[in-house]
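Novice: Next up, my_file14.cif (mmCIF, C-alpha atoms).
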```
data_target
loop_
_atom_site.label_atom_id
_atom_site.label_comp_id
_atom_site.auth_asym_id
_atom_site.auth_seq_id
_atom_site.Cartn_x
_atom_site.Cartn_y
_atom_site.Cartn_z
CA MET D 12 -8.25 17.46 -18.03
CA ILE D 13 -5.32 19.35 -16.56
CA ASN D 14 -3.24 17.79 -13.81
CA LYS D 15 -2.42 19.65 -10.56
CA SER D 16 0.85 20.98 -11.96
CA GLY D 17 -0.98 22.60 -14.88
CA SER D 18 0.57 20.41 -17.59
CA PRO D 19 -1.69 18.55 -20.05
CA LEU D 20 -1.91 14.85 -19.33
CA HIS D 21 -0.47 12.47 -21.86
CA HIS D 22 -3.05 12.11 -24.64
CA GLN D 23 -3.39 8.31 -24.59
CA PHE D 24 -3.44 8.27 -20.80
CA LEU D 25 -6.14 10.94 -20.77
CA MET D 26 -8.28 9.06 -23.27
CA GLU D 27 -8.05 5.81 -21.34
CA LEU D 28 -8.65 7.46 -17.97
CA GLU D 29 -11.74 9.27 -19.22
CA ALA D 30 -13.06 6.13 -20.90
CA ALA D 31 -12.53 4.09 -17.74
CA GLY D 32 -14.34 6.68 -15.63
CA LYS D 33 -17.27 6.97 -18.01
CA ALA D 34 -17.61 3.19 -18.01
CA GLY D 35 -17.82 3.21 -14.20
CA ALA D 36 -14.34 1.91 -13.40
CA PHE D 37 -12.39 3.41 -10.52
CA PHE D 38 -9.18 2.97 -8.56
CA THR D 39 -8.15 2.37 -4.96
CA ASP D 40 -5.06 3.90 -3.44
CA SER D 41 -4.23 0.83 -1.37
CA HIS D 42 -1.54 2.52 0.72
CA ALA D 43 -1.63 6.20 1.62
CA HIS D 44 -0.94 8.41 4.64
CA ILE D 45 -3.52 11.14 4.14
CA HIS D 46 -3.77 11.60 7.91
CA MET D 47 -0.16 12.86 7.90
CA GLU D 48 0.93 16.40 7.09
CA PRO D 49 0.87 18.13 4.71
CA LEU D 50 -2.11 16.14 3.39
CA ALA D 51 -4.05 16.13 6.66
CA ALA D 52 -4.42 19.91 6.59
CA GLU D 53 -6.36 19.75 3.32
CA MET D 54 -7.78 16.24 3.47
CA ALA D 55 -11.17 17.14 1.99
CA GLU D 56 -9.53 18.77 -1.04
CA VAL D 57 -7.08 15.90 -1.39
CA LEU D 58 -10.00 13.47 -1.60
CA LYS D 59 -11.83 15.69 -4.10
CA ARG D 60 -8.80 15.68 -6.37
CA ALA D 61 -8.64 11.90 -6.05
CA GLN D 62 -12.30 11.60 -7.06
CA ALA D 63 -11.62 13.80 -10.10
CA ASN D 64 -9.07 11.20 -11.25
CA HIS D 65 -11.48 8.31 -10.52
CA VAL D 66 -9.68 7.29 -7.33
CA ARG D 67 -12.72 6.59 -5.19
CA ARG D 68 -11.26 4.63 -2.30
CA VAL D 69 -8.23 5.36 -0.11
CA VAL D 70 -6.64 3.15 2.55
CA THR D 71 -4.68 5.29 4.99
CA ILE D 72 -2.02 3.41 6.92
CA GLY D 73 -1.04 3.78 10.58
CA CYS D 74 2.64 3.65 11.56
CA GLY D 75 2.34 3.69 15.36
CA TYR D 76 -0.35 3.79 18.02
CA GLU D 77 -1.12 7.52 17.96
CA ASP D 78 -0.67 7.59 14.20
CA SER D 79 -3.10 4.69 13.83
CA LEU D 80 -5.68 6.65 15.82
CA LEU D 81 -5.29 9.50 13.34
CA ALA D 82 -5.80 7.05 10.49
CA GLN D 83 -8.91 5.76 12.24
CA LYS D 84 -10.26 9.30 12.62
CA ALA D 85 -9.81 9.94 8.89
CA ALA D 86 -11.73 6.76 8.10
CA GLU D 87 -14.50 7.77 10.47
CA THR D 88 -14.74 11.19 8.84
CA TYR D 89 -14.87 10.13 5.18
CA GLU D 90 -17.00 7.32 3.78
CA ASN D 91 -14.51 6.32 1.09
CA VAL D 92 -11.52 6.12 3.46
CA PHE D 93 -10.51 2.91 5.22
CA PHE D 94 -7.47 2.29 7.39
CA ALA D 95 -4.86 -0.10 8.72
CA ALA D 96 -3.14 0.02 12.10
CA GLY D 97 0.31 -1.12 13.11
CA ILE D 98 3.83 -0.13 14.09
CA HIS D 99 6.32 0.75 11.39
CA PRO D 100 9.76 -0.86 11.84
CA HIS D 101 11.26 2.63 12.30
CA ASP D 102 9.16 2.98 15.45
CA SER D 103 9.51 -0.57 16.79
CA ALA D 104 11.59 0.58 19.76
CA GLU D 105 8.67 2.76 20.88
CA THR D 106 6.09 -0.02 20.97
CA PRO D 107 3.76 0.46 23.99
CA ASP D 108 3.94 -2.20 26.69
CA ASN D 109 0.17 -2.68 26.40
CA ALA D 110 0.18 -2.85 22.60
CA ASP D 111 -2.12 -5.91 22.55
CA GLU D 112 -4.82 -4.06 24.43
CA LEU D 113 -4.41 -0.76 22.56
CA PHE D 114 -4.30 -2.23 19.08
CA GLY D 115 -6.81 -4.96 19.86
CA SER D 116 -9.41 -2.26 20.29
CA ILE D 117 -8.45 -0.59 17.01
CA PHE D 118 -8.52 -3.87 15.08
CA LYS D 119 -12.19 -4.30 16.04
CA HIS D 120 -13.14 -1.09 14.27
CA PRO D 121 -15.34 -1.90 11.24
CA LYS D 122 -13.19 0.21 8.89
CA CYS D 123 -9.87 -1.26 10.03
CA ILE D 124 -9.16 -3.65 7.19
CA ALA D 125 -5.56 -4.69 7.87
CA VAL D 126 -2.65 -4.83 10.31
CA GLY D 127 0.17 -2.59 9.14
CA GLU D 128 2.32 -1.25 8.20
CA ILE D 129 4.66 -3.69 9.84
CA GLY D 130 7.90 -5.31 8.78
CA LEU D 131 11.63 -4.68 8.71
CA ASP D 132 13.84 -1.83 7.51
CA TYR D 133 17.60 -2.47 7.47
CA TYR D 134 18.35 0.55 5.30
CA TYR D 135 17.82 3.16 8.00
CA ASP D 136 17.95 0.94 11.12
CA HIS D 137 16.06 3.53 13.16
CA SER D 138 15.23 0.72 15.60
CA PRO D 139 17.57 -2.15 16.52
CA ARG D 140 17.12 -5.10 14.21
CA ASP D 141 16.32 -7.57 16.99
CA VAL D 142 13.59 -5.24 18.25
CA GLN D 143 12.21 -4.84 14.73
CA GLN D 144 12.02 -8.59 14.38
CA ASP D 145 10.31 -9.11 17.73
CA VAL D 146 7.67 -6.46 17.03
CA PHE D 147 7.15 -7.77 13.51
CA ARG D 148 6.52 -11.29 14.85
CA HIS D 149 4.19 -9.98 17.51
CA PHE D 150 2.01 -8.04 15.08
CA LEU D 151 1.89 -10.95 12.65
CA ARG D 152 0.49 -13.02 15.51
CA LEU D 153 -2.02 -10.28 16.29
CA ALA D 154 -3.08 -10.31 12.65
CA VAL D 155 -3.68 -14.05 12.80
CA GLU D 156 -5.61 -13.65 16.06
CA HIS D 157 -7.81 -10.88 14.63
CA GLU D 158 -8.09 -12.52 11.20
CA LYS D 159 -6.69 -9.50 9.36
CA PRO D 160 -4.46 -9.28 6.28
CA VAL D 161 -1.09 -7.63 6.85
CA VAL D 162 0.66 -4.76 5.10
CA ILE D 163 4.37 -5.52 4.87
CA HIS D 164 7.21 -3.00 4.74
CA ASN D 165 10.54 -4.39 3.57
CA ARG D 166 13.72 -2.51 2.85
CA ASP D 167 17.00 -4.38 2.49
CA SER D 168 15.62 -7.10 4.76
CA ALA D 169 14.05 -9.68 2.45
CA GLU D 170 15.84 -12.72 3.91
CA ASP D 171 14.70 -12.04 7.47
CA CYS D 172 11.23 -10.99 6.27
CA VAL D 173 10.77 -14.31 4.52
CA ARG D 174 12.09 -16.26 7.51
CA ILE D 175 9.70 -14.56 9.94
CA LEU D 176 6.72 -14.66 7.59
CA ASN D 177 7.43 -18.34 7.03
CA ASP D 178 7.29 -18.94 10.76
CA GLU D 179 4.15 -16.92 11.45
CA VAL D 180 1.76 -16.83 8.49
CA LYS D 181 2.81 -19.42 5.91
CA GLY D 182 -0.16 -21.02 4.17
CA ARG D 183 -2.71 -18.45 5.31
CA ASP D 184 -5.15 -17.44 2.57
CA ARG D 185 -5.47 -13.72 1.71
CA ASN D 186 -2.34 -13.04 3.73
CA GLY D 187 -1.91 -9.40 2.78
CA ILE D 188 0.19 -6.99 0.73
CA ILE D 189 3.88 -6.51 0.08
CA HIS D 190 3.62 -2.75 -0.09
CA CYS D 191 5.74 -0.49 -2.32
CA PHE D 192 7.43 -3.54 -3.80
CA SER D 193 11.12 -2.80 -4.30
CA GLY D 194 12.23 -5.72 -6.45
CA ASP D 195 13.43 -8.41 -4.03
CA ILE D 196 12.80 -11.57 -6.06
CA GLU D 197 13.22 -13.89 -3.06
CA LEU D 198 10.43 -12.09 -1.22
CA LEU D 199 8.30 -11.87 -4.38
CA ARG D 200 8.40 -15.61 -4.98
CA TRP D 201 7.59 -16.42 -1.37
CA ALA D 202 4.78 -13.88 -1.29
CA LEU D 203 3.10 -15.13 -4.44
CA ASP D 204 3.23 -18.69 -3.11
CA ASN D 205 1.67 -17.66 0.18
CA GLY D 206 -1.41 -15.56 -0.42
CA PHE D 207 0.15 -12.11 -0.78
CA TYR D 208 -0.62 -9.35 -3.25
CA ILE D 209 2.12 -7.15 -4.69
CA SER D 210 1.61 -3.39 -4.68
CA TYR D 211 3.65 -0.96 -6.76
CA ALA D 212 4.10 2.74 -6.01
CA GLY D 213 5.67 5.74 -7.78
CA PRO D 214 9.12 4.19 -8.35
CA VAL D 215 7.62 1.94 -11.05
CA THR D 216 7.34 5.11 -13.19
CA TYR D 217 10.95 6.30 -12.72
CA ALA D 218 13.36 6.30 -15.65
CA LYS D 219 15.98 4.21 -13.85
CA SER D 220 13.52 1.58 -12.56
CA ASP D 221 13.87 -0.90 -15.42
CA ASP D 222 14.73 -3.74 -13.02
CA LEU D 223 11.66 -2.99 -10.91
CA ARG D 224 9.40 -2.87 -13.96
CA ALA D 225 10.88 -6.17 -15.11
CA THR D 226 9.53 -7.88 -11.98
CA LEU D 227 5.99 -7.33 -13.27
CA GLN D 228 6.51 -10.25 -15.64
CA TYR D 229 6.38 -12.56 -12.61
CA VAL D 230 3.23 -11.08 -11.02
CA PRO D 231 -0.15 -12.26 -12.33
CA VAL D 232 -2.64 -9.44 -12.84
CA ASP D 233 -4.96 -11.00 -10.28
CA ARG D 234 -2.30 -10.47 -7.59
CA LEU D 235 -1.59 -6.78 -8.22
CA LEU D 236 -2.55 -3.63 -6.35
CA VAL D 237 -1.49 -0.01 -6.80
CA GLU D 238 -0.67 2.66 -4.24
CA THR D 239 0.91 6.06 -3.76
CA ASP D 240 2.50 5.79 -0.28
CA CYS D 241 1.70 9.50 -0.22
CA PRO D 242 2.88 12.03 0.77
CA TYR D 243 6.05 10.22 -0.36
CA LEU D 244 7.23 8.73 -3.67
CA SER D 245 5.41 10.88 -6.20
CA PRO D 246 5.32 9.30 -9.65
CA MET D 247 6.57 10.95 -12.79
CA PRO D 248 5.91 13.74 -13.70
CA PHE D 249 5.53 14.90 -10.09
CA ARG D 250 8.71 13.44 -8.61
CA GLY D 251 10.05 15.67 -5.85
CA LYS D 252 6.62 17.12 -5.05
CA THR D 253 4.13 16.10 -2.39
CA ASN D 254 2.34 12.95 -3.47
CA GLU D 255 -1.41 12.36 -3.05
CA PRO D 256 -4.03 9.70 -3.90
CA ALA D 257 -5.00 11.37 -7.21
CA ASN D 258 -1.63 10.20 -8.54
CA THR D 259 -2.59 6.53 -8.15
CA VAL D 260 -3.67 6.60 -11.79
CA TYR D 261 -0.13 7.30 -13.03
CA ASN D 262 1.18 4.15 -11.39
CA ALA D 263 -1.82 2.18 -12.66
CA TYR D 264 -1.30 3.40 -16.22
CA GLU D 265 2.39 2.49 -16.17
CA ILE D 266 1.59 -1.05 -15.03
CA SER D 267 -1.34 -1.48 -17.41
CA THR D 268 0.93 -0.54 -20.31
CA ILE D 269 3.55 -3.08 -19.25
CA LYS D 270 0.81 -5.70 -18.88
CA SER D 271 -0.65 -4.80 -22.31
CA MET D 272 -4.03 -3.94 -20.82
CA ASN D 273 -6.17 -0.88 -21.30
CA LEU D 274 -6.75 1.18 -18.19
CA TYR D 275 -10.43 0.21 -17.87
CA ASP D 276 -9.71 -3.52 -17.86
CA PHE D 277 -6.89 -3.02 -15.40
CA ALA D 278 -9.08 -0.95 -13.07
CA VAL D 279 -11.74 -3.66 -13.11
CA GLN D 280 -9.13 -6.30 -12.25
CA LEU D 281 -7.66 -4.19 -9.45
CA GLU D 282 -11.10 -3.84 -7.90
CA LYS D 283 -11.61 -7.60 -8.03
CA ASN D 284 -8.25 -8.06 -6.33
CA TYR D 285 -9.09 -5.57 -3.59
CA LYS D 286 -12.48 -7.14 -2.91
CA TYR D 287 -11.08 -10.63 -2.71
CA LEU D 288 -8.21 -9.71 -0.40
CA PHE D 289 -10.34 -7.67 1.99
CA GLN D 290 -13.59 -9.59 1.49
CA ALA D 291 -15.25 -6.24 0.82
#
```
With the file now loaded, output its structure as structure tokens.
Specialist:
Amino acid sequence: MINKSGSPLHHQFLMELEAAGKAGAFFTDSHAHIHMEPLAAEMAEVLKRAQANHVRRVVTIGCGYEDSLLAQKAAETYENVFFAAGIHPHDSAETPDNADELFGSIFKHPKCIAVGEIGLDYYYDHSPRDVQQDVFRHFLRLAVEHEKPVVIHNRDSAEDCVRILNDEVKGRDRNGIIHCFSGDIELLRWALDNGFYISYAGPVTYAKSDDLRATLQYVPVDRLLVETDCPYLSPMPFRGKTNEPANTVYNAYEISTIKSMNLYDFAVQLEKNYKYLFQA
């Protein structure tokens, strides 16, 4: 097999990936944005490349109302695509006045499996922090009302994330995903105690991510998921290029190695995790 860049895949990785595929194992990209450009323009080909790497399911994530409708359309078009709907903290200030009505309709869609991505982002502060917090609370309550897991975005905001999650969803089973986990131990501990799964993206493969990789020692394998967050955060060796679901396997292989598992066994466990969380 040759990867998209034309370079031979690492020999051990290739052997394990092929063995996993032949044995019927496959992967889910639990957090993608294939309905966004540049991936949207070639979505069919993007999904074919994912299938070639045994990534057979993709969850594409909405970041606003119109964006969530695009995610919904992608899920309606392709059998192996599912979606989540929500308002990203960057866009909190643009939340529609009738968000309950608009999103309530989307949450009833049979392929809408989660509310998200929602949360807080204090790194960019594109929306005022008090507005981010209000919208975050509101969508957590919508998730409880519609009995959906949540997909949480956190950047430099772990303390407030934990405080708000504690208020709104503490103790709920199958609570959701801390997406693109960034290493906040406070949030990790709370999440694992309260029904959340931890998803790692491309940064887990980066040379300077030793601290992030070290957090895997605290996460049981039955609470892990993998993602790309494409078109962002390409793993090594594609860093700096457009990311896509096919690259899920690089993140999975990195984690399986750290967890001393072969890729087949890890793929089987990831599928169990996905099915339990989403009751699929």
Novice: Extract, using all atoms listed in the file, all DNA, RNA and protein residues at most 12 Å from Met47 of chain D, discarding same-chain residues fewer than 4 positions from it, and format them as a PyMOL selection string.
Specialist: chain D and resi 43+51-54+57+71-74+77-82+84-85+240-243+253-255
Novice: Residues picked by the PyMOL selection byres ((chain D and resi 98-111) around 9) here, as a PyMOL selection string?
Specialist: chain D and resi 73-76+78-79+96-97+112-116+126-132+135-140+142-147+150+153+164
Novice: Given the file shown, enumerate the residues that the PyMOL selection byres ((chain D and resi 227) around 12) captures and present them as a PyMOL selection string.
Specialist: chain D and resi 192-196+199-200+209-211+215+220-226+228-236+265-271
Novice: Given the file shown, determine the residues that the PyMOL selection byres ((chain D and resi 205) around 7) selects; report them as an MDAnalysis selection string.
Specialist: chainID D and resid 181:183 201:204 206:207
Novice: Which residues are near Gly187 of chain D? Cut-off 6 Å, only C-alpha atoms, ignore same chain within fewer than 4 positions. Put them as a PyMOL selection string.
Specialist: chain D and resi 160-162+207
Novice: Using only C-alpha atoms, which protein or nucleic acid residues come within 8 Å of Val66 of chain D? Drop anything in the same chain fewer than 3 positions from it, and give the result as number ranges by chain.
Specialist: D: 37-40, 61-63, 69, 256-257, 259-260
Novice: Using only C-alpha atoms, pick whichever of D:Ile163, D:Ala218, D:Leu176, D:Met272 has the shortest atom-to-atom distance to Cys191 of chain D.
Specialist: D:Ile163
Novice: Rounded to one decimal, what separation in Å do you get between atom CA of Ser245 of chain D and atom CA of Glu27 of chain D?
Specialist: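 Calculated distance between atom CA of Ser245 of chain D and atom CA of Glu27 of chain D is 20.9 Å.
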Novice: Measure the distance from atom CA of Gln23 of chain D to atom CA of Lys59 of chain D in Å and round it to one decimal.
Specialist: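 So the two atoms, atom CA of Gln23 of chain D and atom CA of Lys59 of chain D, lie 23.4 Å apart.
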Novice: So, with all atoms listed in the file as the atoms that count, which of D:Tyr134, D:Glu179, D:Cys172, D:Pro214 lies closest to Arg152 of chain D?
Specialist: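 Among D:Tyr134, D:Glu179, D:Cys172, D:Pro214, it is D:Glu179 that comes nearest to Arg152 of chain D.
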Novice: Tell me which of D:Asp276, D:Asp171, D:Asp184, D:Asp178 sits closest to Glu197 of chain D, counting only C-alpha atoms.
Specialist: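 With only C-alpha atoms as the atom set, the closest residue is D:Asp171.
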Novice: Go through D:Leu58, D:His65, D:Tyr208, D:Lys119 one by one, measure the shortest atom-to-atom distance of each to Leu28 of chain D using only C-alpha atoms, and give the residue with the smallest value.
Specialist: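 Closest to Leu28 of chain D of all the choices is D:His65.
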Novice: Ranking D:Leu244, D:Val237, D:Leu25, D:Val279 by minimum distance to Ser41 of chain D and counting all atoms listed in the file, which one comes first?
Specialist: D:Val237
Novice: If you measure from atom CA of Glu170 of chain D to atom CA of Ala154 of chain D, what distance in Å do you get, rounded to one decimal?
Specialist: 21.0 Å
Novice: Determine the nearest neighbour of Pro246 of chain D from the options D:Tyr264, D:Phe93, D:Tyr217, D:Phe118, counting only C-alpha atoms.
Specialist: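 Ranking D:Tyr264, D:Phe93, D:Tyr217, D:Phe118 by distance to Pro246 of chain D, first place goes to D:Tyr217.
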